[in-house]
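Peer 1: Input file: start_37.cif. Contents: mmCIF, C-alpha atoms.
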data_model
#
loop_
_atom_site.group_PDB
_atom_site.id
_atom_site.type_symbol
_atom_site.label_atom_id
_atom_site.label_comp_id
_atom_site.auth_asym_id
_atom_site.auth_seq_id
_atom_site.Cartn_x
_atom_site.Cartn_y
_atom_site.Cartn_z
ATOM 1 C CA MET Q 18 3.167 11.037 -9.957
ATOM 2 C CA LYS Q 19 4.174 12.852 -6.804
ATOM 3 C CA LYS Q 20 7.343 11.913 -4.988
ATOM 4 C CA PHE Q 21 6.624 9.467 -2.171
ATOM 5 C CA GLU Q 22 7.821 11.903 0.475
ATOM 6 C CA ASP Q 23 5.222 14.452 -0.715
ATOM 7 C CA LEU Q 24 2.378 11.908 -0.561
ATOM 8 C CA LYS Q 25 3.188 10.204 2.767
ATOM 9 C CA SER Q 26 0.811 12.202 4.940
ATOM 10 C CA GLU Q 27 -2.053 11.774 2.430
ATOM 11 C CA ILE Q 28 -1.482 8.004 2.377
ATOM 12 C CA VAL Q 29 -1.629 7.784 6.173
ATOM 13 C CA GLU Q 30 -4.789 9.931 6.308
ATOM 14 C CA LYS Q 31 -6.546 7.864 3.598
ATOM 15 C CA LEU Q 32 -5.792 4.607 5.428
ATOM 16 C CA LYS Q 33 -7.047 6.046 8.723
ATOM 17 C CA GLU Q 34 -10.189 7.320 6.962
ATOM 18 C CA ARG Q 35 -11.003 4.120 5.053
ATOM 19 C CA ALA Q 36 -9.887 1.573 7.678
ATOM 20 C CA PRO Q 37 -9.916 3.271 11.090
ATOM 21 C CA ASN Q 38 -9.588 0.023 13.077
ATOM 22 C CA PHE Q 39 -7.102 -1.680 10.763
ATOM 23 C CA GLN Q 40 -4.886 -4.344 12.306
ATOM 24 C CA CYS Q 41 -2.593 -7.012 10.925
ATOM 25 C CA PRO Q 42 -4.683 -9.787 9.333
ATOM 26 C CA VAL Q 43 -1.991 -12.393 10.093
ATOM 27 C CA CYS Q 44 -1.035 -12.047 13.745
ATOM 28 C CA SER Q 45 -3.956 -10.154 15.271
ATOM 29 C CA THR Q 46 -6.618 -11.845 17.329
ATOM 30 C CA SER Q 47 -9.654 -10.347 19.025
ATOM 31 C CA SER Q 48 -7.752 -10.309 22.319
ATOM 32 C CA THR Q 49 -4.418 -9.036 20.928
ATOM 33 C CA PRO Q 50 -4.862 -6.687 17.958
ATOM 34 C CA HIS Q 51 -1.559 -5.687 16.353
ATOM 35 C CA ARG Q 52 -1.812 -2.173 14.974
ATOM 36 C CA LYS Q 53 1.851 -1.157 14.909
ATOM 37 C CA LEU Q 54 2.306 -0.772 11.178
ATOM 38 C CA ILE Q 55 5.228 0.757 9.302
ATOM 39 C CA LEU Q 56 4.752 2.575 6.002
ATOM 40 C CA ILE Q 57 7.333 1.347 3.468
ATOM 41 C CA ASP Q 58 9.241 4.374 2.195
ATOM 42 C CA GLY Q 59 8.486 4.162 -1.533
ATOM 43 C CA TYR Q 60 6.145 2.859 -4.218
ATOM 44 C CA PHE Q 61 5.676 -0.591 -5.734
ATOM 45 C CA ASN Q 62 4.666 -0.924 -9.376
ATOM 46 C CA ARG Q 63 2.866 -4.180 -10.203
ATOM 47 C CA PRO Q 64 3.067 -4.895 -13.940
ATOM 48 C CA LEU Q 65 -0.015 -6.302 -15.670
ATOM 49 C CA GLN Q 66 0.416 -9.016 -18.250
ATOM 50 C CA LYS Q 67 -2.099 -10.381 -20.763
ATOM 51 C CA GLU Q 68 -0.536 -13.866 -20.897
ATOM 52 C CA LEU Q 69 1.382 -16.166 -18.561
ATOM 53 C CA THR Q 70 4.323 -16.787 -20.856
ATOM 54 C CA GLY Q 71 7.059 -16.216 -18.298
ATOM 55 C CA ALA Q 72 8.289 -13.171 -20.226
ATOM 56 C CA LEU Q 73 8.623 -9.876 -18.383
ATOM 57 C CA VAL Q 74 6.806 -6.958 -19.978
ATOM 58 C CA ILE Q 75 8.586 -3.630 -19.527
ATOM 59 C CA GLY Q 76 6.771 -0.363 -20.083
ATOM 60 C CA GLY Q 77 3.282 -1.867 -20.141
ATOM 61 C CA PRO Q 78 0.291 -1.199 -17.899
ATOM 62 C CA ALA Q 79 0.837 -1.434 -14.143
ATOM 63 C CA VAL Q 80 -0.878 -0.901 -10.806
ATOM 64 C CA PRO Q 81 0.971 1.606 -8.595
ATOM 65 C CA THR Q 82 0.819 0.600 -4.928
ATOM 66 C CA PHE Q 83 2.335 1.385 -1.553
ATOM 67 C CA GLY Q 84 3.047 -1.028 1.263
ATOM 68 C CA ILE Q 85 2.882 -1.300 5.011
ATOM 69 C CA VAL Q 86 4.602 -3.837 7.259
ATOM 70 C CA CYS Q 87 3.379 -5.254 10.564
ATOM 71 C CA GLU Q 88 5.993 -4.459 13.204
ATOM 72 C CA ASN Q 89 5.095 -7.651 15.090
ATOM 73 C CA CYS Q 90 5.158 -10.425 12.443
ATOM 74 C CA GLY Q 91 6.623 -8.717 9.363
ATOM 75 C CA HIS Q 92 3.599 -9.333 7.131
ATOM 76 C CA VAL Q 93 3.702 -6.989 4.099
ATOM 77 C CA MET Q 94 0.443 -5.514 2.781
ATOM 78 C CA GLU Q 95 -0.032 -3.557 -0.452
ATOM 79 C CA PHE Q 96 -2.673 -0.964 -1.266
ATOM 80 C CA SER Q 97 -3.624 0.525 -4.622
ATOM 81 C CA LEU Q 98 -2.993 4.263 -4.912
ATOM 82 C CA GLY Q 99 -5.740 4.594 -7.514
ATOM 83 C CA ALA Q 100 -8.417 2.857 -5.433
ATOM 84 C CA LEU Q 101 -7.685 5.248 -2.582
ATOM 85 C CA GLY Q 102 -7.920 8.280 -4.895
ATOM 86 C CA LEU Q 103 -4.241 9.151 -4.590
ATOM 87 C CA LEU Q 104 -3.280 9.165 -8.280
ATOM 88 C CA GLN Q 105 -3.062 12.427 -10.188
ATOM 89 C CA LYS Q 106 -5.767 12.872 -12.792
ATOM 90 C CA GLU Q 107 -4.319 13.305 -16.264
#
How does the structure come out when it is put into structure tokens?

Peer 2:
Amino acid sequence: MKKFEDLKSEIVEKLKERAPNFQCPVCSTSSTPHRKLILIDGYFNRPLQKELTGALVIGGPAVPTFGIVCENCGHVMEFSLGALGLLQKE
């Protein structure tokens, strides 16, 4: 996977392309849309587990994501890199 710094501009462009009028789903209203969003400087990796045993699986399947934060209320949103076509094909 590319380093985050190398993928930043592609992430921003994909979000603008797929959700051109995106605003914070928590604090926005029709009269006051909050669109000041900050891209978190790195990836998240959400592990997938087959059972809810409480055990942490290391090295198993995961969903790579990136996050943005609303500058107004602090709400954190995650987006799948794969769903946006940003993962390298192997």

Peer 1: With only C-alpha atoms as the atoms that count, which of Q:Ile57, Q:Leu32, Q:Val74, Q:Met18 lies nearest to His92 of chain Q?

Peer 2: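 Checking each candidate against His92 of chain Q, we get Q:Ile57 as the closest.
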
Peer 1: Give me the result of the PyMOL selection byres ((chain Q and resi 40-55) around 8) on this file, residue by residue, as a ChimeraX atom specification.

Peer 2: /Q:38-39,56-57,85-90,92

Peer 1: Which residues, written as a short mmCIF file (atom, residue, chain, number, x, y, z; two decimals) with C-alpha atoms, keeping the file's coordinate frame, have at least one atom at most 8 Å from Glu95 of chain Q, with all atoms listed in the file counted and residues fewer than 3 positions away on the same chain left out?

Peer 2:
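Contents of around-v4.cif, freshly written:
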data_model
loop_
_atom_site.label_atom_id
_atom_site.label_comp_id
_atom_site.auth_asym_id
_atom_site.auth_seq_id
_atom_site.Cartn_x
_atom_site.Cartn_y
_atom_site.Cartn_z
CA THR Q 82 0.82 0.60 -4.93
CA PHE Q 83 2.34 1.38 -1.55
CA GLY Q 84 3.05 -1.03 1.26
CA ILE Q 85 2.88 -1.30 5.01
#

Peer 1: Of the residues Q:Glu68, Q:Gly91, Q:Arg63, Q:Leu103, which is the one nearest to Lys25 of chain Q, using only C-alpha atoms?

Peer 2: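 That would be Q:Leu103, the residue with the smallest distance to Lys25 of chain Q.
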
Peer 1: Please write as a list in words the full residue list that the PyMOL selection byres ((chain Q and resi 77-79) around 7) yields on this file.

Peer 2: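 Selected by the PyMOL selection byres ((chain Q and resi 77-79) around 7) in this file: Asn62, Arg63, Pro64, Leu65, Val74, Ile75, Gly76, Val80 and Pro81 of chain Q.
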
Peer 1: For a quick check of understanding, using all atoms listed in the file, which of Q:Asp58, Q:Ala72, Q:Gln66, Q:Ala100 has the smallest distance to Ser26 of chain Q?

Peer 2: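 That would be Q:Asp58, the residue with the smallest distance to Ser26 of chain Q.
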
Peer 1: Figure out the distance between atom CA of Glu30 of chain Q and atom CA of Ser97 of chain Q, please, to one decimal in Å.

Peer 2: 14.5 Å

Peer 1: Can you tell me how far atom CA of Met94 of chain Q sits from atom CA of Leu73 of chain Q, in Å to one decimal?

Peer 2: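 Between atom CA of Met94 of chain Q and atom CA of Leu73 of chain Q the gap is 23.1 Å.
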
Peer 1: Please write out, as AutoDock Vina command-line options, where the centre of an axis-aligned box around all listed atoms of segment 24-33 of chain Q lies and how long its edges are, in Å to one decimal, after adding 5 Å on each side.

Peer 2:
--center_x -1.9 --center_y 8.4 --center_z 4.1 --size_x 20.2 --size_y 17.6 --size_z 19.3

Peer 1: Could you pull segment 86-104 of chain Q out of the block above and give me N, CA, C and O atoms, as a JSON list (two decimals), in the first residue's frame?

Peer 2:
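decode-v6.json was written with the following content:
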[["chain", "number", "residue", "atom", "x", "y", "z"],
["Q", 86, "VAL", "N", -12.30, 14.46, 10.13],
["Q", 86, "VAL", "CA", -12.86, 15.01, 11.36],
["Q", 86, "VAL", "C", -13.56, 16.33, 11.05],
["Q", 86, "VAL", "O", -13.01, 17.16, 10.33],
["Q", 87, "CYS", "N", -14.75, 16.51, 11.60],
["Q", 87, "CYS", "CA", -15.45, 17.78, 11.47],
["Q", 87, "CYS", "C", -14.75, 18.80, 12.37],
["Q", 87, "CYS", "O", -14.56, 18.55, 13.56],
["Q", 88, "GLU", "N", -14.37, 19.93, 11.79],
["Q", 88, "GLU", "CA", -13.69, 20.97, 12.55],
["Q", 88, "GLU", "C", -14.62, 21.64, 13.57],
["Q", 88, "GLU", "O", -14.17, 22.18, 14.56],
["Q", 89, "ASN", "N", -15.92, 21.55, 13.34],
["Q", 89, "ASN", "CA", -16.88, 22.20, 14.24],
["Q", 89, "ASN", "C", -17.19, 21.36, 15.48],
["Q", 89, "ASN", "O", -17.08, 21.82, 16.60],
["Q", 90, "CYS", "N", -17.59, 20.08, 15.28],
["Q", 90, "CYS", "CA", -18.04, 19.27, 16.42],
["Q", 90, "CYS", "C", -17.09, 18.13, 16.79],
["Q", 90, "CYS", "O", -17.27, 17.48, 17.82],
["Q", 91, "GLY", "N", -16.10, 17.85, 15.95],
["Q", 91, "GLY", "CA", -15.14, 16.80, 16.25],
["Q", 91, "GLY", "C", -15.58, 15.40, 15.85],
["Q", 91, "GLY", "O", -14.88, 14.43, 16.14],
["Q", 92, "HIS", "N", -16.71, 15.27, 15.18],
["Q", 92, "HIS", "CA", -17.18, 13.95, 14.75],
["Q", 92, "HIS", "C", -16.15, 13.34, 13.80],
["Q", 92, "HIS", "O", -15.67, 13.99, 12.88],
["Q", 93, "VAL", "N", -15.80, 12.06, 14.03],
["Q", 93, "VAL", "CA", -14.84, 11.34, 13.19],
["Q", 93, "VAL", "C", -15.59, 10.40, 12.26],
["Q", 93, "VAL", "O", -16.46, 9.65, 12.70],
["Q", 94, "MET", "N", -15.26, 10.46, 10.97],
["Q", 94, "MET", "CA", -15.88, 9.61, 9.96],
["Q", 94, "MET", "C", -14.81, 8.79, 9.27],
["Q", 94, "MET", "O", -13.73, 9.29, 9.00],
["Q", 95, "GLU", "N", -15.11, 7.53, 8.99],
["Q", 95, "GLU", "CA", -14.16, 6.64, 8.30],
["Q", 95, "GLU", "C", -14.70, 6.24, 6.94],
["Q", 95, "GLU", "O", -15.90, 6.05, 6.78],
["Q", 96, "PHE", "N", -13.79, 6.07, 6.00],
["Q", 96, "PHE", "CA", -14.14, 5.68, 4.64],
["Q", 96, "PHE", "C", -13.22, 4.55, 4.19],
["Q", 96, "PHE", "O", -12.02, 4.58, 4.43],
["Q", 97, "SER", "N", -13.79, 3.58, 3.51],
["Q", 97, "SER", "CA", -13.04, 2.43, 3.02],
["Q", 97, "SER", "C", -12.22, 2.81, 1.79],
["Q", 97, "SER", "O", -12.75, 3.34, 0.81],
["Q", 98, "LEU", "N", -10.92, 2.51, 1.84],
["Q", 98, "LEU", "CA", -10.06, 2.77, 0.69],
["Q", 98, "LEU", "C", -10.46, 1.91, -0.51],
["Q", 98, "LEU", "O", -10.47, 2.37, -1.64],
["Q", 99, "GLY", "N", -10.81, 0.66, -0.24],
["Q", 99, "GLY", "CA", -11.18, -0.25, -1.32],
["Q", 99, "GLY", "C", -12.45, 0.17, -2.03],
["Q", 99, "GLY", "O", -12.52, 0.13, -3.26],
["Q", 100, "ALA", "N", -13.46, 0.59, -1.30],
["Q", 100, "ALA", "CA", -14.73, 1.01, -1.90],
["Q", 100, "ALA", "C", -14.55, 2.24, -2.79],
["Q", 100, "ALA", "O", -15.29, 2.42, -3.76],
["Q", 101, "LEU", "N", -13.57, 3.05, -2.47],
["Q", 101, "LEU", "CA", -13.30, 4.24, -3.28],
["Q", 101, "LEU", "C", -12.29, 3.98, -4.39],
["Q", 101, "LEU", "O", -11.90, 4.89, -5.11],
["Q", 102, "GLY", "N", -11.86, 2.72, -4.52],
["Q", 102, "GLY", "CA", -10.92, 2.36, -5.60],
["Q", 102, "GLY", "C", -9.51, 2.83, -5.36],
["Q", 102, "GLY", "O", -8.76, 3.06, -6.31],
["Q", 103, "LEU", "N", -9.11, 2.96, -4.09],
["Q", 103, "LEU", "CA", -7.80, 3.49, -3.78],
["Q", 103, "LEU", "C", -6.79, 2.43, -3.32],
["Q", 103, "LEU", "O", -5.69, 2.78, -2.92],
["Q", 104, "LEU", "N", -7.18, 1.17, -3.35],
["Q", 104, "LEU", "CA", -6.23, 0.10, -3.01],
["Q", 104, "LEU", "C", -5.50, -0.38, -4.26],
["Q", 104, "LEU", "O", -6.10, -0.44, -5.34]]
